[in-house]
>>> print(open('protein_6.tsv').read())   # TSV, C-alpha atoms
chain	number	residue	atom	x	y	z
A	213	MET	CA	35.75	-210.18	109.02
A	214	MET	CA	36.18	-208.42	105.67
A	215	ILE	CA	33.16	-207.50	103.61
A	216	GLY	CA	33.69	-207.44	99.85
A	217	PRO	CA	36.96	-207.09	98.00
A	218	GLN	CA	39.81	-205.07	99.48
A	219	ARG	CA	39.76	-201.49	98.17
A	220	ARG	CA	42.71	-200.19	96.21
A	221	HIS	CA	44.81	-197.27	97.37
A	222	PRO	CA	43.54	-193.98	95.87
A	223	GLY	CA	45.25	-193.32	92.58
A	224	GLU	CA	46.47	-196.90	92.17
A	225	LEU	CA	44.28	-197.54	89.13
A	226	GLU	CA	45.22	-194.21	87.55
A	227	ALA	CA	48.90	-195.02	88.08
A	228	GLY	CA	48.42	-198.43	86.48
A	229	VAL	CA	46.64	-196.96	83.46
A	230	LEU	CA	49.39	-194.33	83.05
A	231	ALA	CA	52.09	-196.99	83.29
A	232	VAL	CA	50.39	-198.91	80.46
A	233	LEU	CA	50.10	-195.73	78.36
A	234	TRP	CA	53.75	-194.79	78.98
A	235	SER	CA	54.92	-198.20	77.83
A	236	GLY	CA	52.42	-198.45	74.97
A	237	GLY	CA	54.43	-196.64	72.33
A	238	GLY	CA	51.33	-194.92	70.93
A	239	PRO	CA	47.65	-194.28	71.57
A	240	LEU	CA	45.77	-197.19	73.14
A	241	THR	CA	42.08	-197.99	73.33
A	242	PRO	CA	40.37	-198.79	76.63
A	243	GLY	CA	40.28	-202.44	75.54
A	244	ASP	CA	44.05	-202.45	74.97
A	245	ILE	CA	44.58	-200.95	78.42
A	246	GLN	CA	42.14	-203.35	80.06
A	247	ARG	CA	43.98	-206.35	78.58
A	248	ALA	CA	47.37	-204.96	79.60
A	249	LEU	CA	46.21	-204.38	83.19
A	250	GLY	CA	44.62	-207.82	83.57
A	251	GLY	CA	43.15	-208.45	86.98
A	252	GLY	CA	39.56	-208.57	85.82
A	253	LEU	CA	38.89	-204.83	85.61
A	254	ALA	CA	35.64	-203.99	83.89
A	255	ARG	CA	35.90	-201.98	80.69
A	256	THR	CA	33.59	-199.37	82.25
A	257	THR	CA	36.10	-198.93	85.09
A	258	VAL	CA	38.93	-198.38	82.60
A	259	ASN	CA	36.75	-195.91	80.65
A	260	THR	CA	35.96	-194.01	83.85
A	261	ILE	CA	39.64	-193.77	84.79
A	262	LEU	CA	40.54	-192.58	81.29
A	263	SER	CA	37.74	-189.99	81.31
A	264	ARG	CA	38.96	-188.62	84.64
A	265	LEU	CA	42.55	-188.50	83.43
A	266	HIS	CA	41.37	-186.71	80.28
A	267	ASP	CA	39.37	-184.19	82.35
A	268	LYS	CA	42.53	-183.52	84.39
A	269	GLY	CA	44.53	-182.95	81.18
A	270	VAL	CA	46.84	-185.87	81.88
A	271	VAL	CA	45.90	-187.82	78.74
A	272	THR	CA	44.80	-186.85	75.26
A	273	ARG	CA	42.31	-188.77	73.19
A	274	THR	CA	41.59	-189.18	69.51
A	275	ARG	CA	38.59	-190.80	67.89
A	276	VAL	CA	39.24	-194.25	66.45
A	277	GLY	CA	36.05	-195.58	64.90
A	278	ARG	CA	33.36	-195.39	67.58
A	279	ALA	CA	35.83	-195.34	70.47
A	280	PHE	CA	38.71	-193.18	71.65
A	281	ALA	CA	42.40	-194.00	71.79
A	282	TYR	CA	44.35	-192.42	74.63
A	283	ALA	CA	47.95	-191.27	75.02
A	284	PRO	CA	49.77	-189.37	77.77
A	285	ALA	CA	49.57	-185.59	77.38
A	286	ARG	CA	52.87	-183.92	76.53
A	287	GLU	CA	53.40	-182.80	80.15
A	288	ALA	CA	52.63	-186.27	81.48
A	289	GLN	CA	54.88	-188.36	79.23
A	290	ASP	CA	56.62	-189.79	82.30
A	291	ALA	CA	56.35	-189.88	86.08
A	292	PRO	CA	58.48	-186.75	86.65
A	293	GLY	CA	56.42	-184.80	84.12
A	294	LEU	CA	53.22	-185.92	85.80
A	295	ALA	CA	54.54	-184.97	89.25
A	296	ALA	CA	55.52	-181.51	87.96
A	297	ARG	CA	52.09	-181.07	86.39
A	298	ARG	CA	50.40	-181.99	89.69
A	299	MET	CA	52.56	-179.50	91.57
A	300	ARG	CA	51.66	-176.71	89.14
A	301	SER	CA	47.99	-177.68	89.33
A	302	GLU	CA	48.02	-177.46	93.14
A	303	LEU	CA	49.78	-174.11	93.01
A	304	GLU	CA	47.27	-172.73	90.50
A	305	ARG	CA	44.38	-173.62	92.84
A	306	ALA	CA	45.95	-171.81	95.80
A	307	ASP	CA	44.68	-168.39	96.83
A	308	ASP	CA	48.00	-167.50	98.50
A	309	ARG	CA	50.71	-168.66	96.12
A	310	GLU	CA	53.49	-167.02	98.13
A	311	THR	CA	52.65	-168.98	101.28
A	312	VAL	CA	52.28	-172.24	99.37
A	313	LEU	CA	55.67	-171.76	97.69
A	314	ALA	CA	57.30	-170.67	100.98
A	315	ARG	CA	56.03	-173.79	102.74
A	316	PHE	CA	57.12	-175.98	99.84
A	317	VAL	CA	60.64	-174.53	99.90
A	318	SER	CA	60.87	-174.77	103.69
A	319	GLY	CA	60.29	-178.53	103.42
A	320	LEU	CA	63.11	-179.13	100.93
A	321	THR	CA	66.35	-180.85	101.85
A	322	PRO	CA	69.50	-178.72	101.45
A	323	GLY	CA	70.40	-180.73	98.35
A	324	ASP	CA	66.97	-180.14	96.79
A	325	GLU	CA	67.24	-176.43	97.65
A	326	ASP	CA	70.59	-176.24	95.84
A	327	LEU	CA	69.14	-178.09	92.86
A	328	LEU	CA	66.11	-175.79	92.73
A	329	ARG	CA	68.38	-172.72	92.85
A	330	ALA	CA	70.47	-174.12	89.99
A	331	LEU	CA	67.37	-174.89	87.93
A	332	LEU	CA	65.96	-171.40	88.53
A	333	ALA	CA	69.29	-169.79	87.58
A	334	GLU	CA	69.46	-171.91	84.43
A	335	SER	CA	65.86	-171.04	83.54
A	336	GLU	CA	66.54	-167.33	84.06
A	337	ALA	CA	69.69	-167.49	81.95
A	338	GLY	CA	67.79	-169.33	79.22
A	339	SER	CA	65.01	-166.75	79.14
A	340	GLU	CA	67.56	-163.93	78.79
A	341	SER	CA	69.33	-165.51	75.81
A	342	GLU	CA	68.15	-165.13	72.24
A	343	ALA	CA	65.49	-167.52	70.99
A	344	GLY	CA	66.99	-170.43	69.09
A	345	SER	CA	70.56	-169.72	70.22
A	346	GLY	CA	71.08	-172.94	72.11
A	347	PRO	CA	69.43	-176.05	73.37
A	348	GLU	CA	65.80	-175.81	74.29
A	349	ARG	CA	64.98	-175.03	77.93
A	350	GLY	CA	63.93	-178.59	78.79
A	351	SER	CA	67.32	-180.00	77.85
A	352	ASP	CA	69.06	-177.25	79.84
A	353	VAL	CA	67.05	-178.21	82.90
A	354	ARG	CA	67.89	-181.91	82.45
A	355	GLU	CA	71.61	-181.06	82.16
A	356	VAL	CA	71.48	-179.07	85.40
A	357	ARG	CA	69.58	-181.88	87.12
A	358	ASP	CA	72.06	-184.47	85.89
A	359	ALA	CA	74.97	-182.32	87.05
A	360	GLY	CA	73.29	-182.06	90.48
A	361	ASP	CA	72.90	-185.86	90.63
A	362	ALA	CA	76.58	-186.35	89.83
A	363	GLY	CA	77.77	-184.03	92.62
>>> encode(input="protein_6.tsv", output="structure tokens")
Amino acid sequence: MMIGPQRRHPGELEAGVLAVLWSGGGPLTPGDIQRALGGGLARTTVNTILSRLHDKGVVTRTRVGRAFAYAPAREAQDAPGLAARRMRSELERADDRETVLARFVSGLTPGDEDLLRALLAESEAGSESEAGSGPERGSDVREVRDAGDAG
């Protein structure tokens, strides 16, 4: 016997809201997001999710009339950016960063270890070069990642 509606998996609503924002092409109001999600979500629920995402720094908001319009923050423009932001956030909360990083690295596959080494080497090389003397760091990292995927 089930009492009440089935509960969603934690983070499912946030993921849905972010998916709508990523595909929106520009800032969206809570009403826009509510309509895109469908499923009978109350506007107050959408507002609560957006407020929490804003508090976490995942979305930005700008005033539009009496309401706010929301867009993904620069670091959370896509799922990989959001995952990276979450990883940094977890690391920043840790008292023992060395242990957290050591345990993270110990759980990597050999391929992910190689990729991480390549990304770190590329990042180090980029920081040693003159400013403005090549592609920006983000594109360097993507090129290394893409090269790792091809091999």
>>> atom_distance(input="protein_6.tsv", atom1="CA of Ala283 (chain A)", atom2="CA of Arg305 (chain A)")
25.3 Å
>>> atom_distance(input="protein_6.tsv", atom1="CA of Thr241 (chain A)", atom2="CA of Val276 (chain A)")
8.3 Å
>>> residues_around(input="protein_6.tsv", residues="region 223-226 of chain A", least_positions_apart="6", cutoff="10 Å", atoms="all atoms listed in the file", output="number ranges by chain")
A: 232, 249, 253, 257-258, 260-262, 264-265
